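Novice: Structure file entry.csv (CSV, C-alpha atoms and all ligand atoms) is given on the next line.
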chain,number,residue,atom,x,y,z
A,30,MET,CA,0.0,0.0,0.0
A,31,GLU,CA,1.3,3.4,-0.9
A,32,ILE,CA,2.6,5.9,1.7
A,33,GLY,CA,2.4,9.6,1.0
A,34,SER,CA,1.2,11.5,-2.0
A,35,GLU,CA,-2.3,13.2,-2.1
A,36,PHE,CA,-4.8,12.7,0.6
A,37,TYR,CA,-8.1,10.9,0.1
A,38,PHE,CA,-11.5,10.8,1.9
A,39,GLN,CA,-11.4,8.5,4.9
A,40,GLU,CA,-13.8,7.4,7.6
A,41,LYS,CA,-13.6,9.8,10.5
A,42,ARG,CA,-12.0,8.1,13.4
A,43,GLU,CA,-12.5,9.1,16.9
A,44,GLU,CA,-9.8,10.0,19.4
A,45,GLN,CA,-10.8,8.8,22.8
A,46,THR,CA,-8.9,11.5,24.7
A,47,GLY,CA,-10.7,14.5,23.3
A,48,LYS,CA,-12.1,16.1,20.3
A,49,ILE,CA,-10.7,19.5,19.4
A,50,ASN,CA,-12.5,20.9,16.3
A,51,TRP,CA,-11.8,23.7,13.9
A,52,LYS,CA,-14.1,26.2,15.8
A,53,ASP,CA,-11.9,25.7,19.0
A,54,TRP,CA,-8.7,26.1,17.0
A,55,GLU,CA,-9.8,29.1,15.0
A,56,ARG,CA,-10.5,31.1,18.2
A,57,ASN,CA,-6.7,31.4,18.8
A,58,LEU,CA,-6.1,33.1,15.5
A,59,GLY,CA,-8.2,36.2,16.0
A,60,PHE,CA,-10.5,37.6,13.3
A,61,THR,CA,-10.3,35.0,10.6
A,62,GLN,CA,-11.4,35.0,7.0
A,63,MET,CA,-11.4,31.7,5.1
A,64,THR,CA,-10.1,31.7,1.6
A,65,SER,CA,-9.7,29.0,-1.1
A,66,SER,CA,-5.9,28.8,-0.7
A,67,GLY,CA,-2.8,30.2,1.0
A,68,ARG,CA,-1.9,32.3,-1.9
A,69,GLY,CA,-5.5,33.6,-2.0
A,70,ALA,CA,-5.1,34.7,1.6
A,71,LEU,CA,-1.9,36.5,0.7
A,72,SER,CA,-3.5,38.3,-2.2
A,73,LEU,CA,-6.4,39.3,0.1
A,74,LEU,CA,-3.9,40.7,2.6
A,75,LEU,CA,-2.1,42.7,-0.2
A,76,GLN,CA,-5.5,44.2,-1.2
A,77,GLU,CA,-6.0,45.2,2.4
A,78,VAL,CA,-2.7,46.8,3.4
A,79,SER,CA,-0.8,49.8,2.2
A,80,PRO,CA,2.8,49.6,3.6
A,81,ARG,CA,4.9,52.7,3.7
A,82,ASP,CA,7.2,51.1,1.2
A,83,LYS,CA,6.2,48.5,-1.4
A,84,THR,CA,9.0,46.2,-0.3
A,85,VAL,CA,8.9,42.8,1.4
A,86,CYS,CA,11.5,40.9,3.3
A,87,LEU,CA,11.1,37.1,3.0
A,88,PRO,CA,13.0,34.0,4.1
A,89,ALA,CA,15.1,32.7,1.1
A,90,TYR,CA,13.8,29.2,1.9
A,91,LEU,CA,10.2,29.2,0.7
A,92,CYS,CA,7.8,28.1,-2.1
A,93,ASP,CA,7.2,30.2,-5.1
A,94,SER,CA,3.4,30.4,-4.5
A,95,ILE,CA,4.3,32.7,-1.6
A,96,LEU,CA,6.5,34.8,-3.7
A,97,LEU,CA,4.3,35.3,-6.7
A,98,PRO,CA,1.5,37.4,-5.1
A,99,PHE,CA,4.1,39.9,-4.0
A,100,ILE,CA,5.7,40.0,-7.5
A,101,HIS,CA,2.3,40.3,-9.2
A,102,ASN,CA,1.4,43.2,-6.8
A,103,GLY,CA,4.6,45.1,-7.7
A,104,TYR,CA,6.6,44.5,-4.5
A,105,GLU,CA,10.4,44.6,-4.5
A,106,CYS,CA,11.4,41.4,-2.7
A,107,TYR,CA,14.5,41.0,-0.4
A,108,PHE,CA,15.5,37.8,1.2
A,109,TYR,CA,17.2,36.6,4.4
A,110,ASP,CA,19.2,33.4,4.8
A,111,ILE,CA,18.0,30.4,6.7
A,112,GLU,CA,20.2,28.2,8.9
A,113,LYS,CA,20.5,24.4,8.7
A,114,ASP,CA,18.2,24.1,11.7
A,115,LEU,CA,15.6,26.1,9.7
A,116,SER,CA,15.8,29.2,11.9
A,117,PRO,CA,16.4,32.6,10.4
A,118,ASP,CA,20.0,33.8,10.1
A,119,LEU,CA,19.7,36.9,12.4
A,120,ASP,CA,22.8,38.6,10.9
A,121,SER,CA,21.2,38.4,7.5
A,122,VAL,CA,17.9,39.8,8.8
A,123,ARG,CA,19.8,42.7,10.6
A,124,LYS,CA,21.7,43.5,7.5
A,125,LEU,CA,18.5,43.9,5.5
A,126,MET,CA,17.0,46.1,8.3
A,127,ASN,CA,20.0,48.4,8.1
A,128,GLU,CA,20.2,48.6,4.4
A,129,ARG,CA,16.6,48.6,3.2
A,130,LYS,CA,13.3,50.1,4.0
A,131,ILE,CA,11.0,47.3,4.8
A,132,GLY,CA,7.3,47.6,4.2
A,133,ILE,CA,6.3,44.0,5.0
A,134,PHE,CA,8.3,41.5,7.0
A,135,TYR,CA,7.3,37.9,6.3
A,136,HIS,CA,8.4,35.0,8.6
A,137,MET,CA,7.5,31.4,9.2
A,138,GLY,CA,8.3,28.2,11.1
A,139,TYR,CA,8.8,25.0,9.2
A,140,PHE,CA,7.4,21.5,9.3
A,141,GLY,CA,5.4,22.2,12.6
A,142,PHE,CA,8.4,23.7,14.5
A,143,HIS,CA,8.5,27.3,15.6
A,144,THR,CA,11.9,27.8,14.1
A,145,ASN,CA,11.2,31.5,13.8
A,146,ARG,CA,10.9,32.0,17.5
A,147,LYS,CA,14.3,33.7,17.8
A,148,LEU,CA,13.0,36.6,15.7
A,149,GLU,CA,10.8,37.8,18.6
A,150,SER,CA,12.8,40.9,19.6
A,151,ILE,CA,13.4,41.8,15.9
A,152,LEU,CA,9.7,41.6,15.2
A,153,GLU,CA,9.0,43.9,18.1
A,154,GLU,CA,11.4,46.4,16.7
A,155,LEU,CA,9.9,46.1,13.2
A,156,HIS,CA,6.4,46.4,14.6
A,157,HIS,CA,7.3,49.7,16.3
A,158,LYS,CA,8.8,51.0,13.1
A,159,ASP,CA,5.5,50.5,11.3
A,160,THR,CA,6.6,47.6,9.2
A,161,ILE,CA,3.7,45.2,8.7
A,162,VAL,CA,4.6,41.9,10.2
A,163,VAL,CA,3.1,38.8,8.6
A,164,GLU,CA,3.6,35.2,9.8
A,165,ASP,CA,2.9,32.3,7.5
A,166,ILE,CA,1.6,29.6,9.8
A,167,THR,CA,0.9,27.0,7.2
A,168,HIS,CA,3.4,24.6,8.7
A,169,THR,CA,2.8,25.5,12.4
A,170,LEU,CA,-1.0,25.7,12.1
A,171,PHE,CA,-1.7,22.8,14.6
A,172,SER,CA,1.3,23.4,16.9
A,173,ASP,CA,0.6,25.1,20.3
A,174,ASP,CA,2.5,27.7,22.1
A,175,PHE,CA,2.4,30.5,19.5
A,176,HIS,CA,3.3,34.0,20.7
A,177,ARG,CA,1.8,36.2,18.0
A,178,LYS,CA,1.8,39.5,19.7
A,179,ASN,CA,4.1,41.1,17.2
A,180,ASN,CA,2.3,39.8,14.1
A,181,ASP,CA,-0.1,42.1,12.3
A,182,TYR,CA,-1.5,39.3,10.2
A,183,VAL,CA,-1.1,35.5,9.9
A,184,ILE,CA,-1.9,33.5,6.7
A,185,ALA,CA,-2.1,29.8,6.1
A,186,SER,CA,-2.9,27.2,3.6
A,187,ILE,CA,-5.1,24.6,5.4
A,188,ARG,CA,-5.5,22.3,2.4
A,189,LYS,CA,-2.0,20.9,3.0
A,190,TRP,CA,-3.1,19.1,6.1
A,191,MET,CA,-6.0,16.9,5.0
A,192,ALA,CA,-8.3,16.0,2.1
A,193,LEU,CA,-9.7,19.5,1.5
A,194,PRO,CA,-10.6,20.7,-2.0
A,195,THR,CA,-10.0,24.3,-1.0
A,196,GLY,CA,-8.8,26.0,2.2
A,197,GLY,CA,-6.7,28.9,3.3
A,198,LEU,CA,-7.0,31.7,5.9
A,199,LEU,CA,-6.1,35.3,6.6
A,200,ALA,CA,-6.3,36.3,10.3
A,201,SER,CA,-5.4,39.2,12.6
A,202,GLN,CA,-5.8,40.0,16.2
A,203,LEU,CA,-6.9,43.5,15.1
A,204,LYS,CA,-10.5,43.8,14.1
A,205,ARG,CA,-10.9,43.5,10.3
A,206,GLU,CA,-14.0,43.4,8.2
A,207,ASP,CA,-14.6,40.3,6.3
A,208,LYS,CA,-14.8,40.9,2.6
A,209,HIS,CA,-17.5,39.0,0.7
A,210,LEU,CA,-15.6,36.3,-1.3
A,211,SER,CA,-17.3,33.9,-3.6
A,212,PRO,CA,-15.9,30.3,-3.7
A,213,ASP,CA,-13.9,29.0,-6.5
A,214,THR,CA,-16.5,26.4,-7.5
A,215,ALA,CA,-14.7,25.1,-10.5
A,216,LEU,CA,-11.5,24.4,-8.5
A,217,ALA,CA,-13.5,22.9,-5.6
A,218,GLU,CA,-15.4,20.5,-7.9
A,219,LEU,CA,-12.3,19.5,-9.7
A,220,ARG,CA,-10.4,18.7,-6.6
A,221,LYS,CA,-13.4,17.0,-4.9
A,222,GLU,CA,-13.6,14.7,-7.9
A,223,ALA,CA,-9.8,14.1,-7.7
A,224,PHE,CA,-10.1,13.1,-4.0
A,225,GLN,CA,-13.1,10.8,-4.9
A,226,PHE,CA,-11.1,9.0,-7.6
A,227,LYS,CA,-8.2,8.6,-5.2
A,228,THR,CA,-10.5,7.3,-2.5
A,229,GLU,CA,-11.9,4.7,-5.0
A,230,PHE,CA,-8.4,3.8,-6.0
A,231,MET,CA,-7.3,3.2,-2.4
A,232,HIS,CA,-10.3,0.9,-1.8
A,233,ARG,CA,-9.9,-1.0,-5.0
A,234,VAL,CA,-6.1,-1.4,-4.6
A,235,LYS,CA,-6.6,-3.0,-1.2
A,236,GLU,CA,-8.7,-5.7,-2.9
A,237,ASN,CA,-6.4,-6.2,-5.9
A,238,PRO,CA,-3.0,-4.5,-5.6
A,239,SER,CA,-2.0,-5.0,-9.2
A,240,ASP,CA,-4.9,-3.3,-10.9
A,241,HIS,CA,-6.4,0.1,-11.3
A,242,MET,CA,-3.5,2.2,-12.8
A,243,PRO,CA,-5.9,4.1,-15.1
A,244,LEU,CA,-7.7,5.4,-12.0
A,245,LYS,CA,-4.4,6.5,-10.6
A,246,ASP,CA,-3.5,8.4,-13.8
A,247,LEU,CA,-6.9,10.0,-13.8
A,248,TYR,CA,-6.7,11.4,-10.2
A,249,LEU,CA,-3.1,12.5,-10.6
A,250,SER,CA,-4.0,14.5,-13.7
A,251,LEU,CA,-6.9,16.1,-12.0
A,252,PHE,CA,-4.8,17.1,-9.0
A,253,GLN,CA,-2.2,18.5,-11.5
A,254,LEU,CA,-4.9,20.4,-13.3
A,255,GLY,CA,-6.1,21.9,-10.0
A,256,GLU,CA,-2.6,23.2,-9.2
A,257,GLU,CA,-2.3,24.7,-12.7
A,258,GLN,CA,-5.7,26.4,-12.2
A,259,LEU,CA,-4.5,27.8,-8.9
A,260,GLU,CA,-1.3,29.2,-10.5
A,261,LYS,CA,-3.3,30.9,-13.3
A,262,ASP,CA,-6.0,32.5,-11.3
A,263,ASP,CA,-5.1,35.7,-9.3
A,264,THR,CA,-8.7,36.3,-8.1
A,265,VAL,CA,-9.3,36.0,-4.4
A,266,HIS,CA,-11.9,33.4,-3.5
A,267,GLY,CA,-13.6,32.2,-0.3
A,268,MET,CA,-13.6,28.6,0.9
A,269,ASP,CA,-16.3,26.4,-0.7
A,270,PRO,CA,-19.1,25.1,1.6
A,271,PHE,CA,-18.2,21.4,1.1
A,272,SER,CA,-14.6,22.0,2.2
A,273,ASN,CA,-15.8,24.1,5.1
A,274,SER,CA,-18.1,21.3,6.3
A,275,LEU,CA,-15.2,18.8,6.0
A,276,LEU,CA,-13.0,21.1,8.0
A,277,GLN,CA,-15.6,21.6,10.7
A,278,GLU,CA,-16.0,17.8,11.0
A,279,GLU,CA,-12.3,17.1,11.2
A,280,ASN,CA,-11.2,15.7,14.6
A,281,LEU,CA,-8.1,17.7,15.2
A,282,SER,CA,-7.1,15.8,18.4
A,283,PHE,CA,-6.8,12.7,16.2
A,284,LEU,CA,-4.8,14.5,13.5
A,285,ILE,CA,-2.4,16.0,16.0
A,286,LYS,CA,-1.9,12.9,18.1
A,287,ARG,CA,-1.3,10.6,15.1
A,288,ARG,CA,1.2,13.0,13.6
A,289,ARG,CA,3.1,13.4,16.9
A,290,ASN,CA,3.2,9.6,17.4
A,291,ASN,CA,4.4,8.9,13.9
A,292,PHE,CA,7.1,11.6,14.1
A,293,LYS,CA,8.3,10.1,17.4
A,294,PHE,CA,8.3,6.6,16.0
A,295,LEU,CA,10.4,7.7,13.0
A,296,SER,CA,12.9,9.8,15.1
A,297,GLU,CA,13.4,7.0,17.6
A,298,LYS,CA,13.9,4.2,15.1
A,299,LEU,CA,15.9,6.0,12.4
A,300,GLY,CA,18.9,7.3,14.4
A,301,ILE,CA,21.6,9.2,12.6
A,302,SER,CA,23.9,8.0,9.9
A,303,HIS,CA,26.3,9.7,7.6
A,304,ILE,CA,23.9,9.2,4.7
A,305,LEU,CA,20.9,10.9,6.1
A,306,GLN,CA,20.2,13.1,9.1
A,307,PRO,CA,16.8,14.1,10.6
A,308,VAL,CA,16.4,17.9,10.5
A,309,PHE,CA,14.7,17.7,14.0
A,310,THR,CA,15.6,14.9,16.3
A,311,LYS,CA,12.6,15.3,18.6
A,312,ALA,CA,9.3,17.0,18.7
A,313,SER,CA,8.0,18.4,22.1
A,314,TYR,CA,4.4,17.8,23.0
A,315,GLN,CA,3.5,21.2,21.6
A,316,ILE,CA,4.5,20.4,18.1
A,317,CYS,CA,2.2,19.0,15.5
A,318,PRO,CA,4.6,17.9,12.7
A,319,MET,CA,3.8,18.4,9.0
A,320,PHE,CA,6.4,15.9,7.8
A,321,PHE,CA,9.5,14.3,9.1
A,322,PRO,CA,12.1,16.2,7.2
A,323,ILE,CA,15.6,14.7,6.6
A,324,TYR,CA,18.8,15.9,5.0
A,325,CYS,CA,20.4,13.6,2.5
A,326,LYS,CA,23.2,15.6,1.0
A,327,ASN,CA,24.7,13.5,-1.7
A,328,PHE,CA,22.1,10.9,-2.4
A,329,ARG,CA,18.7,12.7,-2.2
A,330,ASN,CA,17.4,12.0,-5.7
A,331,GLU,CA,18.6,8.4,-5.5
A,332,LEU,CA,16.9,8.0,-2.1
A,333,ARG,CA,13.7,9.6,-3.4
A,334,THR,CA,13.6,7.2,-6.4
A,335,TYR,CA,14.3,4.2,-4.1
A,336,LEU,CA,11.5,5.2,-1.8
A,337,SER,CA,9.1,5.7,-4.6
A,338,ARG,CA,10.0,2.3,-6.1
A,339,ASN,CA,8.8,1.0,-2.7
A,340,GLU,CA,5.6,3.1,-3.0
A,341,ILE,CA,6.7,5.7,-0.4
A,342,TYR,CA,6.2,9.1,-2.0
A,343,CYS,CA,8.2,11.9,-0.5
A,344,PRO,CA,7.9,15.5,-1.6
A,345,ILE,CA,10.7,18.0,-1.8
A,346,HIS,CA,10.0,21.2,0.1
A,347,TRP,CA,10.7,23.0,-2.2
A,348,PRO,CA,12.2,23.3,-5.7
A,349,ILE,CA,14.2,26.5,-5.8
A,350,PRO,CA,11.9,29.3,-7.0
A,351,LYS,CA,13.3,30.6,-10.2
A,352,GLU,CA,12.7,34.2,-9.0
A,353,ILE,CA,15.4,33.9,-6.3
A,354,ASP,CA,19.1,34.3,-6.9
A,355,LEU,CA,20.7,32.2,-4.2
A,356,GLY,CA,24.2,33.6,-4.6
A,357,GLY,CA,25.1,34.8,-1.1
A,358,PHE,CA,22.6,32.4,0.5
A,359,SER,CA,24.8,29.3,0.7
A,360,LYS,CA,23.1,27.9,3.8
A,361,THR,CA,19.6,28.1,2.2
A,362,GLN,CA,21.0,26.7,-1.0
A,363,GLU,CA,22.2,23.6,0.8
A,364,ILE,CA,18.8,23.2,2.4
A,365,TYR,CA,17.1,23.3,-1.0
A,366,GLN,CA,19.6,20.8,-2.4
A,367,SER,CA,19.4,18.2,0.4
A,368,ILE,CA,16.1,18.2,2.2
A,369,LEU,CA,13.4,15.5,1.8
A,370,SER,CA,10.1,15.2,3.5
A,371,ILE,CA,9.0,11.8,4.9
A,372,PRO,CA,5.2,11.5,5.4
A,373,CYS,CA,4.1,11.1,9.0
A,374,ASP,CA,0.5,12.2,8.7
A,375,GLN,CA,-2.8,11.1,10.2
A,376,ARG,CA,-3.4,8.4,7.6
A,377,TYR,CA,-0.7,6.2,9.2
A,378,GLU,CA,-0.1,4.0,12.2
A,379,ASP,CA,3.1,2.3,13.4
A,380,LEU,CA,2.9,-0.5,10.8
A,381,ALA,CA,3.3,2.0,7.9
A,382,MET,CA,6.0,3.9,9.8
A,383,GLU,CA,7.8,0.6,10.4
A,384,ARG,CA,7.8,0.0,6.6
A,385,VAL,CA,9.3,3.5,6.0
A,386,ILE,CA,12.1,2.7,8.5
A,387,GLU,CA,12.8,-0.6,6.9
A,388,VAL,CA,13.2,0.9,3.5
A,389,LEU,CA,15.3,3.8,4.8
A,390,LYS,CA,17.6,1.4,6.6
A,391,ASP,CA,17.9,-0.8,3.5
A,392,PHE,CA,19.0,2.3,1.6
A,393,ILE,CA,21.5,3.3,4.3
A,394,ASN,CA,22.9,-0.3,4.5
A,395,SER,CA,23.4,-0.4,0.7
A,396,HIS,CA,25.5,2.8,1.0
A,397,THR,CA,27.9,1.8,3.8
A,401,LIG,C1,4.4,27.7,3.6
A,401,LIG,C2,3.4,27.9,2.5
A,401,LIG,N1,2.6,29.0,2.5
A,401,LIG,C3,1.7,29.2,1.6
A,401,LIG,C4,1.5,28.4,0.5
A,401,LIG,C5,0.5,28.6,-0.5
A,401,LIG,O1,-0.6,27.8,-0.3
A,401,LIG,P1,-1.6,27.4,-1.5
A,401,LIG,O2,-0.9,26.3,-2.3
A,401,LIG,O3,-2.8,26.9,-0.8
A,401,LIG,O4,-1.9,28.6,-2.2
A,401,LIG,C6,2.3,27.2,0.5
A,401,LIG,C7,2.2,26.3,-0.6
A,401,LIG,O5,2.9,25.3,-0.7
A,401,LIG,C8,3.3,27.0,1.5
A,401,LIG,O6,4.0,25.9,1.6
Turn this file's structure into structure tokens for me.
Specialist:
Amino acid sequence: MEIGSEFYFQEKREEQTGKINWKDWERNLGFTQMTSSGRGALSLLLQEVSPRDKTVCLPAYLCDSILLPFIHNGYECYFYDIEKDLSPDLDSVRKLMNERKIGIFYHMGYFGFHTNRKLESILEELHHKDTIVVEDITHTLFSDDFHRKNNDYVIASIRKWMALPTGGLLASQLKREDKHLSPDTALAELRKEAFQFKTEFMHRVKENPSDHMPLKDLYLSLFQLGEEQLEKDDTVHGMDPFSNSLLQEENLSFLIKRRRNNFKFLSEKLGISHILQPVFTKASYQICPMFFPIYCKNFRNELRTYLSRNEIYCPIHWPIPKEIDLGGFSKTQEIYQSILSIPCDQRYEDLAMERVIEVLKDFINSHT
């Protein structure tokens, strides 16, 4: 059975120790408006703010869907370097603060970890200088212990966490008026259909593992089409009602607990080798991990292919956005070139994680 790749619709499973739902979670975020995607939330933000300078300071390690709304809105983009532990290089942030006027400062934690925590006093300074501070909480959405006092806004893509046709948010502790946003019905229908085909595929493949490849090609092409549609459309949309009802029904206690358990399982069993190293060796109880990221410096593509031959599909976060010149950002460059994300989400239990470990260990053994 495959591990990783796109989500699919699953029976809702109950967590005996509690049931946190989206309504409980959303309360922490302040005034929240739902959008169809993370980039939609960002475009909505850019319609709403008028920074004193049309400039933005961003981490050099990011995905291009964050960058494009700024570029399309005419912002000049500056970047700061990111360390191997995925925290911001403070010297590089300070350098930008000294040399540039910063209209918007954009920061984020990665893979569930608040790796941006050490920015706190810099954020306070920026906040007092009237820079608009925005945190992208896509990766830390379900981790506790956030101190957001210096953020003016937060944005997130929710659709990365579960089978949701559409889902993003823009939030602020300051009162903001919700704009009327109509849903992107075409995108919602397309992605809903893709999830349905994948769900059917997963059921059929359980009965007969060798069959049903046409179904796989079909849902993969629909997901691909959905991503292309998102890339083309700059309009800001709301979340569609079907996705909204799925999100309201999601048992977040279950999602968080499963991810934490799976992360713990992987980190305890994998250990450290010279071939691959976990980016984070341990997740505290406040962390809800998005993936289990590893560094595999010289063999990443080979490892990724080996894993996919064993039906373990690991994304790379992220391909280097072509809009960034990484000259001068050697630390970030190394991250882009060696990081790989191992799935540890709520679809899996120990048995699946055990298989991941076996395959990773086989790879390590064949290289020592
Ligand atoms: C950290 C982060 N923020 C925002 C986005 C944009 O989200 P969406 O794809 O829903 O537009 C992404 C997409 O990968 C992301 O990884």
Novice: Would you mind listing what lies within 9 Å of Glu378 (chain A) as a compact mmCIF listing (two decimals) with C-alpha atoms, in the frame of the given file, with all atoms listed in the file counted and same-chain residues fewer than 6 positions away left out?
Specialist:
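Result file selection_7.txt:
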# COMPACT_ATOMS: atom_id res chain seq x y z
CA ARG A 287 -1.30 10.60 15.10
CA ASN A 290 3.20 9.60 17.40
CA ASN A 291 4.40 8.90 13.90
Novice: Just want the 8 Å neighbourhood of Leu170 (chain A), counted on all atoms listed in the file, with same-chain residues fewer than 2 positions away dropped. Output as a list in words.
Specialist: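 Selected residues are Gly141, Ile166, Thr167, His168, Ser172, Ala185 and Ile187 of chain A.
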Novice: Give me, as a VMD selection string, all polymer residues having an atom no more than 10 Å from region 126-128 of chain A, counting all atoms listed in the file and skipping those fewer than 3 positions away in the same chain.
Specialist: chain A and resid 86 120 to 123 131 134 151 155
Novice: Quick one: of A:Cys106, A:Met382, A:Ile323, A:Leu336, who's nearest to Ser370 (chain A), counting all atoms listed in the file?
Specialist: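 Closest candidate: A:Ile323.
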Novice: Excluding Lys41 (chain A) and residues on its chain fewer than 2 positions from it, collect all residues at most 12 Å away from it, counting all atoms listed in the file, and give them as number ranges by chain.
Specialist: A: 37-39, 43-44, 48, 191-192, 275-284, 375-376
Novice: Could you report the residues within 8 Å of ligand LIG 401 (chain A), using all atoms listed in the file, as a list in words?
Specialist: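 With all atoms listed in the file and a cut-off of 8 Å, ligand LIG 401 (chain A) is contacted by Ser65, Ser66, Gly67, Arg68, Gly69, Ala70, Leu91, Cys92, Asp93, Ser94, Ile95, Met137, Tyr139, Asp165, Ile166, Thr167, His168, Ile184, Ala185, Ser186, Ile187, Arg188, Lys189, Thr195, Gly196, Gly197, Glu256, Leu259 and His346 of chain A.
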Novice: I'd like the neighbourhood of Gln362 (chain A) as a ChimeraX atom specification, where a residue qualifies if any of its atoms comes within 9 Å (using all atoms listed in the file), though same-chain residues fewer than 4 positions away should be ignored.
Specialist: /A:89-90,349,355-356,358,366-367
Novice: Which is closer to Pro350 (chain A) than all the others in A:Phe392, A:Lys52, A:Leu96, A:Gln225, using all atoms listed in the file?
Specialist: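 Closest residue, counting all atoms listed in the file: A:Leu96.
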Novice: Please write as a PyMOL selection string the list of polymer residues whose atoms come within 8 Å of (21.2, 25.6, 9.6), counting all atoms listed in the file and keeping to the coordinates of the file.
Specialist: chain A and resi 111-116+360-361+364
Novice: Could you dump the residues just selected with C-alpha atoms as an mmCIF file, in the coordinates of the input?
Specialist:
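Heads up, here's the output in result.cif:
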data_model
loop_
_atom_site.group_PDB
_atom_site.id
_atom_site.type_symbol
_atom_site.label_atom_id
_atom_site.label_comp_id
_atom_site.auth_asym_id
_atom_site.auth_seq_id
_atom_site.Cartn_x
_atom_site.Cartn_y
_atom_site.Cartn_z
ATOM 1 C CA ILE A 111 18.000 30.400 6.700
ATOM 2 C CA GLU A 112 20.200 28.200 8.900
ATOM 3 C CA LYS A 113 20.500 24.400 8.700
ATOM 4 C CA ASP A 114 18.200 24.100 11.700
ATOM 5 C CA LEU A 115 15.600 26.100 9.700
ATOM 6 C CA SER A 116 15.800 29.200 11.900
ATOM 7 C CA LYS A 360 23.100 27.900 3.800
ATOM 8 C CA THR A 361 19.600 28.100 2.200
ATOM 9 C CA ILE A 364 18.800 23.200 2.400
#
Novice: Please determine, counting all atoms listed in the file, which residue among A:Ser272, A:Asn237, A:Ser337, A:Ser296 has the shortest atom-to-atom distance to Ile32 (chain A).
Specialist: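 Going through A:Ser272, A:Asn237, A:Ser337, A:Ser296 one by one, the smallest distance to Ile32 (chain A) is for A:Ser337.
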Novice: With only C-alpha atoms as the atoms that count, which of A:Asp110, A:Glu229, A:Asp82, A:Glu153 lies nearest to Gly357 (chain A)?
Specialist: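 Looking only at the distances to Gly357 (chain A), the closest residue turns out to be A:Asp110.
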Novice: Using only C-alpha atoms, can you tell me which of A:Leu299, A:Val183, A:Ile368, A:Val163 comes closest to Glu383 (chain A)?
Specialist: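 Closest to Glu383 (chain A) of all the choices is A:Leu299.
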Novice: Which one of A:Ser250, A:Gln306, A:Ser150, A:Asp181 sits closest to Arg205 (chain A) if you count only C-alpha atoms?
Specialist: A:Asp181
Novice: In the coordinate frame of the file, compute which residues have an atom within 12 Å of (5.6, 41.7, 9.3) when using only C-alpha atoms, and state them as a count of residues only.
Specialist: 41
